[in-house]
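**Q** Okay, so here is input_25.cif, and as you'll see once you scroll down, it has mmCIF, C-alpha atoms.
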```
data_work
#
loop_
_atom_site.label_atom_id
_atom_site.label_comp_id
_atom_site.auth_asym_id
_atom_site.auth_seq_id
_atom_site.Cartn_x
_atom_site.Cartn_y
_atom_site.Cartn_z
CA MET A 12 -34.10 -43.34 11.30
CA LEU A 13 -36.23 -41.91 14.12
CA ARG A 14 -36.46 -43.33 17.65
CA ILE A 15 -38.70 -41.78 20.32
CA THR A 16 -38.42 -42.77 24.00
CA THR A 17 -40.93 -41.54 26.63
CA PHE A 18 -40.03 -41.54 30.35
CA GLN A 19 -42.36 -41.59 33.39
CA ASP A 20 -41.55 -37.99 34.32
CA GLY A 21 -42.82 -36.82 30.94
CA THR A 22 -39.44 -36.42 29.32
CA VAL A 23 -39.35 -37.42 25.66
CA ASN A 24 -36.08 -38.49 24.06
CA VAL A 25 -36.05 -38.22 20.27
CA ARG A 26 -33.10 -39.71 18.40
CA ALA A 27 -32.91 -39.24 14.63
CA ARG A 28 -30.31 -40.06 11.99
CA LEU A 29 -30.34 -37.61 9.09
CA ARG A 30 -28.51 -37.41 5.81
CA MET A 31 -28.29 -33.98 4.22
CA ILE A 32 -26.18 -31.73 2.01
CA LEU A 33 -24.94 -28.59 3.77
CA ARG A 34 -23.35 -25.46 2.34
CA ALA A 35 -21.08 -22.95 4.02
CA PRO A 36 -19.40 -19.72 2.88
CA LEU A 37 -15.66 -20.31 2.45
CA ASP A 38 -12.80 -17.84 2.29
CA PHE A 39 -10.17 -18.86 -0.28
CA ARG A 40 -7.80 -15.91 0.15
CA GLU A 41 -5.12 -18.19 1.62
CA PHE A 42 -5.67 -21.00 -0.92
CA PRO A 43 -4.01 -23.54 -1.06
CA PHE A 44 -2.83 -23.06 2.54
CA ASP A 45 -6.29 -22.22 3.85
CA THR A 46 -8.13 -23.40 6.95
CA GLN A 47 -11.93 -23.38 6.85
CA VAL A 48 -14.63 -23.46 9.52
CA LEU A 49 -17.84 -25.28 8.60
CA PRO A 50 -20.74 -24.14 10.81
CA ILE A 51 -23.81 -26.29 11.48
CA LYS A 52 -26.68 -24.65 13.33
CA VAL A 53 -29.49 -26.75 14.84
CA GLU A 54 -32.45 -24.71 16.05
CA SER A 55 -35.96 -25.50 17.20
CA MET A 56 -38.53 -24.11 14.79
CA MET A 57 -41.57 -25.08 16.83
CA TRP A 58 -40.99 -25.28 20.58
CA PRO A 59 -39.54 -22.36 22.59
CA VAL A 60 -36.87 -22.81 25.23
CA SER A 61 -39.53 -23.18 27.94
CA ARG A 62 -40.67 -26.41 26.29
CA MET A 63 -37.50 -27.80 24.70
CA ALA A 64 -33.81 -27.36 25.50
CA LEU A 65 -31.05 -28.46 23.16
CA GLY A 66 -27.81 -30.01 24.33
CA THR A 67 -25.00 -32.23 23.11
CA ALA A 68 -24.45 -35.87 23.96
CA GLU A 69 -20.68 -36.29 24.13
CA GLU A 70 -20.84 -39.99 23.29
CA PHE A 71 -22.54 -39.18 19.97
CA THR A 72 -20.62 -36.01 19.11
CA GLY A 73 -17.49 -36.24 16.97
CA PHE A 74 -15.97 -38.23 14.15
CA ASP A 75 -14.77 -41.79 13.93
CA ASP A 76 -10.99 -42.25 13.89
CA SER A 77 -11.24 -43.75 10.40
CA PHE A 78 -13.13 -40.72 9.02
CA GLU A 79 -11.36 -39.07 6.08
CA MET A 80 -12.12 -36.18 3.74
CA PRO A 81 -10.47 -36.02 0.32
CA GLU A 82 -7.99 -33.13 0.20
CA TRP A 83 -8.80 -32.01 3.76
CA THR A 84 -7.61 -32.78 7.28
CA LEU A 85 -10.06 -32.59 10.19
CA VAL A 86 -8.58 -30.24 12.81
CA ASP A 87 -11.25 -29.68 15.44
CA LEU A 88 -14.93 -29.88 16.31
CA THR A 89 -16.46 -27.49 18.84
CA THR A 90 -20.02 -27.25 20.11
CA SER A 91 -21.89 -24.51 21.91
CA THR A 92 -25.46 -23.60 22.79
CA SER A 93 -27.17 -20.25 22.57
CA GLN A 94 -30.64 -18.76 22.63
CA VAL A 95 -32.26 -16.85 19.78
CA LEU A 96 -35.05 -14.34 20.27
CA ARG A 97 -37.56 -14.23 17.43
CA ARG A 98 -39.06 -10.79 17.73
CA GLN A 99 -41.99 -11.51 15.46
CA GLU A 100 -43.07 -14.29 17.82
CA GLY A 101 -41.82 -12.81 21.08
CA GLN A 102 -40.35 -16.17 22.07
CA THR A 103 -36.83 -17.46 22.73
CA TYR A 104 -35.60 -20.67 21.10
CA ASP A 105 -32.58 -22.85 21.76
CA ARG A 106 -29.81 -23.15 19.17
CA LEU A 107 -27.03 -25.72 19.01
CA ASP A 108 -23.90 -24.70 17.08
CA PHE A 109 -21.31 -27.11 15.66
CA ASN A 110 -18.11 -25.66 14.19
CA ILE A 111 -15.97 -28.08 12.20
CA THR A 112 -12.45 -26.81 11.47
CA ILE A 113 -10.68 -28.36 8.49
CA LYS A 114 -7.30 -27.67 6.89
CA ARG A 115 -6.47 -28.20 3.24
CA GLN A 116 -3.81 -30.77 2.38
CA THR A 117 -1.35 -28.67 0.37
CA GLY A 118 0.98 -31.39 -0.94
CA TYR A 119 -0.60 -31.58 -4.40
CA TYR A 120 -0.50 -27.83 -5.00
CA LEU A 121 2.94 -27.38 -3.46
CA TRP A 122 4.80 -30.16 -5.28
CA LYS A 123 2.88 -30.44 -8.54
CA ILE A 124 2.03 -26.80 -9.27
CA MET A 125 3.99 -24.24 -7.23
CA LEU A 126 7.36 -26.01 -7.34
CA PRO A 127 7.24 -26.65 -11.13
CA MET A 128 6.26 -23.00 -11.71
CA ALA A 129 9.17 -21.82 -9.55
CA ILE A 130 11.55 -24.07 -11.52
CA ILE A 131 10.20 -22.66 -14.81
CA VAL A 132 10.88 -19.13 -13.55
CA MET A 133 14.41 -20.09 -12.54
CA LEU A 134 15.05 -21.72 -15.92
CA SER A 135 14.09 -18.45 -17.60
CA TRP A 136 17.09 -16.83 -15.91
CA VAL A 137 19.56 -18.83 -18.03
CA VAL A 138 19.14 -16.08 -20.65
CA PHE A 139 21.45 -13.94 -18.52
CA TRP A 140 24.27 -16.38 -19.29
CA MET A 141 23.60 -16.44 -23.04
CA THR A 142 25.29 -14.21 -25.61
CA GLN A 143 23.49 -11.56 -27.62
CA GLU A 144 24.05 -13.64 -30.73
CA GLN A 145 21.54 -16.08 -29.21
CA LEU A 146 18.82 -13.44 -28.99
CA GLY A 147 16.31 -15.75 -30.71
CA ARG A 148 16.94 -18.51 -28.19
CA ARG A 149 16.76 -16.04 -25.31
CA ALA A 150 13.36 -14.83 -26.50
CA GLY A 151 12.21 -18.42 -27.09
CA ILE A 152 13.06 -19.48 -23.54
CA SER A 153 11.19 -16.54 -22.03
CA SER A 154 8.16 -17.03 -24.29
CA THR A 155 7.98 -20.75 -23.51
CA GLY A 156 8.13 -20.04 -19.79
CA MET A 157 5.38 -17.44 -20.08
CA LEU A 158 3.06 -19.80 -21.97
CA THR A 159 3.70 -22.60 -19.48
CA ILE A 160 2.80 -20.41 -16.49
CA ILE A 161 -0.38 -19.26 -18.25
CA ALA A 162 -1.30 -22.92 -18.89
CA TYR A 163 -0.86 -23.69 -15.18
CA GLN A 164 -3.04 -20.71 -14.37
CA PHE A 165 -5.88 -22.09 -16.50
CA ILE A 166 -5.55 -25.48 -14.78
CA ILE A 167 -5.86 -23.88 -11.34
CA ALA A 168 -8.74 -21.61 -12.35
CA GLY A 169 -10.69 -24.56 -13.75
CA SER A 170 -10.95 -26.19 -10.32
CA LEU A 171 -12.04 -23.12 -8.34
CA PRO A 172 -15.03 -20.76 -8.30
CA ARG A 173 -14.65 -17.29 -9.79
CA PHE A 174 -13.55 -15.15 -6.88
CA PRO A 175 -13.72 -11.34 -6.74
CA TYR A 176 -10.36 -11.38 -4.91
CA LEU A 177 -6.88 -12.80 -5.37
CA THR A 178 -5.92 -16.03 -3.64
CA MET A 179 -2.43 -16.82 -2.44
CA MET A 180 -2.00 -19.06 -5.49
CA ASP A 181 -3.08 -16.18 -7.74
CA ARG A 182 -0.46 -13.92 -6.19
CA PHE A 183 2.23 -16.55 -6.66
CA THR A 184 1.24 -17.11 -10.30
CA LEU A 185 1.18 -13.37 -10.94
CA ILE A 186 4.68 -12.99 -9.50
CA ALA A 187 5.91 -15.83 -11.74
CA LEU A 188 4.37 -14.16 -14.81
CA LEU A 189 5.90 -10.80 -13.94
CA ALA A 190 9.32 -12.39 -13.35
CA ILE A 191 9.34 -14.00 -16.79
CA ALA A 192 7.93 -10.86 -18.42
CA ALA A 193 10.81 -8.92 -16.87
CA THR A 194 13.35 -11.28 -18.49
CA MET A 195 11.68 -10.62 -21.85
CA LEU A 196 11.97 -6.88 -21.23
CA ILE A 197 15.64 -7.22 -20.34
CA ASN A 198 16.22 -9.17 -23.57
CA LEU A 199 14.59 -6.37 -25.55
CA VAL A 200 16.59 -3.64 -23.81
CA GLY A 201 19.84 -5.59 -24.14
CA SER A 202 19.38 -6.02 -27.87
CA ARG A 203 19.66 -2.23 -28.27
CA LEU A 204 22.82 -1.79 -26.18
CA ASP A 205 26.47 -2.32 -26.91
CA ASP A 206 28.24 -5.46 -25.71
CA ALA A 207 29.85 -3.91 -22.63
CA ARG A 208 26.64 -2.46 -21.21
CA ARG A 209 24.66 -5.57 -22.14
CA HIS A 210 27.10 -7.85 -20.30
CA GLN A 211 26.95 -5.57 -17.27
CA ILE A 212 23.14 -5.75 -17.19
CA ASP A 213 23.24 -9.55 -17.53
CA ARG A 214 25.70 -9.89 -14.65
CA THR A 215 23.55 -7.68 -12.45
CA CYS A 216 20.35 -9.56 -13.31
CA ARG A 217 21.94 -12.89 -12.34
CA PHE A 218 21.70 -11.77 -8.71
CA VAL A 219 18.87 -9.24 -8.76
CA PHE A 220 16.23 -11.51 -10.32
CA PRO A 221 16.57 -14.47 -7.87
CA THR A 222 16.67 -12.12 -4.89
CA ALA A 223 13.66 -10.11 -6.06
CA PHE A 224 11.66 -13.27 -6.83
CA VAL A 225 12.29 -14.82 -3.42
CA LEU A 226 11.40 -11.57 -1.62
CA ALA A 227 8.23 -11.11 -3.68
CA VAL A 228 7.05 -14.66 -2.98
CA PHE A 229 7.84 -14.32 0.71
CA LEU A 230 5.86 -11.08 0.98
CA ALA A 231 2.94 -12.37 -1.12
CA VAL A 232 2.41 -15.70 0.59
#
```
How would this structure read if it were set down as structure tokens?
**A**
Amino acid sequence: MLRITTFQDGTVNVRARLRMILRAPLDFREFPFDTQVLPIKVESMMWPVSRMALGTAEEFTGFDDSFEMPEWTLVDLTTSTSQVLRRQEGQTYDRLDFNITIKRQTGYYLWKIMLPMAIIVMLSWVVFWMTQEQLGRRAGISSTGMLTIIAYQFIIAGSLPRFPYLTMMDRFTLIALLAIAATMLINLVGSRLDDARRHQIDRTCRFVFPTAFVLAVFLAV
């Protein structure tokens, strides 16, 4: 929709309603606890600043109270104006910048992915209370936990682009994998030791593994 109003002093008011698809570079390093800024730049491509100045109309700038974005919470909207010099033309043009700040709603990832993975890691520690005669069960628990974490990792990766860096979720998943892999290593080492030394290692791991896991998660996220 386009509406043009001409005033007696020569001022022309152009009001347009546009629908478009915009793209913005996003940084997912803190996913799923990330906050993103979506920039929108409006710039004159025809008239220099001497002929047209851009500005914001406060009554038309913002979002309705009922506006919602799936998986995101609208945090803030800021506007600013600047001038851009196009050297090839030798002219200065007005630019209007909108910056929309949004924050990801983390409930889904926290309660349905991260918490279950943490519980799976904790369940893998029950091997430290099992006897050596249950070596097969000890190995089965660790292997099942490892496969479950890997399955969660594929689910997460399927909903995200392929990043050249690790996200916070990647670091958490990696810590979970390493924690379960460590229990498998302890099972293997314990199978080659006598009962006294094996029980001593199990008793030590009952406290070392939870402490190390909590510290690693705290430092990673």
**Q** Could you name the residues that touch segment 42-56 of chain A at 7 Å or less, counting only C-alpha atoms, but leaving out those on the same chain fewer than 5 positions away, as a list in words?
**A**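 Final neighbour list, sorted by chain and number: Ala35, Leu37, Tyr104, Asp105, Arg106, Leu107, Asp108, Phe109, Asn110, Ile111, Thr112, Ile113, Lys114, Arg115, Thr117, Tyr120, Thr178, Met179 and Met180 of chain A.
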**Q** Please save C-alpha atoms of the selected residues as a compact mmCIF listing (two decimals), keeping the file's coordinate frame.
**A**
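Resulting contents of result-v4.txt:
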```
# COMPACT_ATOMS: atom_id res chain seq x y z
CA ALA A 35 -21.08 -22.95 4.02
CA LEU A 37 -15.66 -20.31 2.45
CA TYR A 104 -35.60 -20.67 21.10
CA ASP A 105 -32.58 -22.85 21.76
CA ARG A 106 -29.81 -23.15 19.17
CA LEU A 107 -27.03 -25.72 19.01
CA ASP A 108 -23.90 -24.70 17.08
CA PHE A 109 -21.31 -27.11 15.66
CA ASN A 110 -18.11 -25.66 14.19
CA ILE A 111 -15.97 -28.08 12.20
CA THR A 112 -12.45 -26.81 11.47
CA ILE A 113 -10.68 -28.36 8.49
CA LYS A 114 -7.30 -27.67 6.89
CA ARG A 115 -6.47 -28.20 3.24
CA THR A 117 -1.35 -28.67 0.37
CA TYR A 120 -0.50 -27.83 -5.00
CA THR A 178 -5.92 -16.03 -3.64
CA MET A 179 -2.43 -16.82 -2.44
CA MET A 180 -2.00 -19.06 -5.49
```
**Q** On this structure, which residues satisfy the PyMOL selection byres ((chain A and resi 187) around 12), written as a PDB file with C-alpha atoms, in the frame of the given file?
**A**
```
ATOM      1  CA  ILE A 124       2.030 -26.800  -9.270  1.00  0.00           C
ATOM      2  CA  MET A 125       3.990 -24.240  -7.230  1.00  0.00           C
ATOM      3  CA  LEU A 126       7.360 -26.010  -7.340  1.00  0.00           C
ATOM      4  CA  PRO A 127       7.240 -26.650 -11.130  1.00  0.00           C
ATOM      5  CA  MET A 128       6.260 -23.000 -11.710  1.00  0.00           C
ATOM      6  CA  ALA A 129       9.170 -21.820  -9.550  1.00  0.00           C
ATOM      7  CA  ILE A 130      11.550 -24.070 -11.520  1.00  0.00           C
ATOM      8  CA  ILE A 131      10.200 -22.660 -14.810  1.00  0.00           C
ATOM      9  CA  VAL A 132      10.880 -19.130 -13.550  1.00  0.00           C
ATOM     10  CA  MET A 133      14.410 -20.090 -12.540  1.00  0.00           C
ATOM     11  CA  LEU A 134      15.050 -21.720 -15.920  1.00  0.00           C
ATOM     12  CA  SER A 135      14.090 -18.450 -17.600  1.00  0.00           C
ATOM     13  CA  TRP A 136      17.090 -16.830 -15.910  1.00  0.00           C
ATOM     14  CA  SER A 153      11.190 -16.540 -22.030  1.00  0.00           C
ATOM     15  CA  GLY A 156       8.130 -20.040 -19.790  1.00  0.00           C
ATOM     16  CA  MET A 157       5.380 -17.440 -20.080  1.00  0.00           C
ATOM     17  CA  LEU A 158       3.060 -19.800 -21.970  1.00  0.00           C
ATOM     18  CA  THR A 159       3.700 -22.600 -19.480  1.00  0.00           C
ATOM     19  CA  ILE A 160       2.800 -20.410 -16.490  1.00  0.00           C
ATOM     20  CA  ILE A 161      -0.380 -19.260 -18.250  1.00  0.00           C
ATOM     21  CA  TYR A 163      -0.860 -23.690 -15.180  1.00  0.00           C
ATOM     22  CA  GLN A 164      -3.040 -20.710 -14.370  1.00  0.00           C
ATOM     23  CA  MET A 180      -2.000 -19.060  -5.490  1.00  0.00           C
ATOM     24  CA  ASP A 181      -3.080 -16.180  -7.740  1.00  0.00           C
ATOM     25  CA  ARG A 182      -0.460 -13.920  -6.190  1.00  0.00           C
ATOM     26  CA  PHE A 183       2.230 -16.550  -6.660  1.00  0.00           C
ATOM     27  CA  THR A 184       1.240 -17.110 -10.300  1.00  0.00           C
ATOM     28  CA  LEU A 185       1.180 -13.370 -10.940  1.00  0.00           C
ATOM     29  CA  ILE A 186       4.680 -12.990  -9.500  1.00  0.00           C
ATOM     30  CA  LEU A 188       4.370 -14.160 -14.810  1.00  0.00           C
ATOM     31  CA  LEU A 189       5.900 -10.800 -13.940  1.00  0.00           C
ATOM     32  CA  ALA A 190       9.320 -12.390 -13.350  1.00  0.00           C
ATOM     33  CA  ILE A 191       9.340 -14.000 -16.790  1.00  0.00           C
ATOM     34  CA  ALA A 192       7.930 -10.860 -18.420  1.00  0.00           C
ATOM     35  CA  ALA A 193      10.810  -8.920 -16.870  1.00  0.00           C
ATOM     36  CA  THR A 194      13.350 -11.280 -18.490  1.00  0.00           C
ATOM     37  CA  PHE A 220      16.230 -11.510 -10.320  1.00  0.00           C
ATOM     38  CA  PRO A 221      16.570 -14.470  -7.870  1.00  0.00           C
ATOM     39  CA  ALA A 223      13.660 -10.110  -6.060  1.00  0.00           C
ATOM     40  CA  PHE A 224      11.660 -13.270  -6.830  1.00  0.00           C
ATOM     41  CA  VAL A 225      12.290 -14.820  -3.420  1.00  0.00           C
ATOM     42  CA  ALA A 227       8.230 -11.110  -3.680  1.00  0.00           C
ATOM     43  CA  VAL A 228       7.050 -14.660  -2.980  1.00  0.00           C
ATOM     44  CA  ALA A 231       2.940 -12.370  -1.120  1.00  0.00           C
TER      45      ALA A 231
END
```
**Q** Tell me which residues the PyMOL selection byres ((chain A and resi 197) around 10) grabs here, as a list in words.
**A**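 With the shown file as input, the PyMOL selection byres ((chain A and resi 197) around 10) matches Val138, Phe139, Ile191, Ala192, Ala193, Thr194, Met195, Leu196, Asn198, Leu199, Val200, Gly201, Ser202, Arg209, Ile212, Asp213 and Cys216 of chain A.
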**Q** Could you list the residues chosen by the PyMOL selection byres ((chain A and resi 72-83) around 7) in this structure as a PyMOL selection string?
**A** chain A and resi 68-71+84-85+88+113-116
**Q** So what do you get for atom CA of Pro36 of chain A versus atom CA of Val95 of chain A, distance-wise?
**A**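 Atom CA of Pro36 of chain A sits 21.4 Å away from atom CA of Val95 of chain A.
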**Q** One number please: atom CA of Thr103 of chain A to atom CA of Ser91 of chain A, in Å, one decimal.
**A** 16.5 Å
**Q** Provide the atom CA of Asp206 of chain A to atom CA of Met141 of chain A distance in Å, to one decimal place.
**A**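 For atom CA of Asp206 of chain A relative to atom CA of Met141 of chain A, the distance reads 12.2 Å.
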**Q** Which of these residues is nearest to Glu41 of chain A, using only C-alpha atoms: A:Ala64, A:Val23, A:Met57, A:Leu177?
**A**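 The shortest atom-to-atom distance to Glu41 of chain A comes from A:Leu177.
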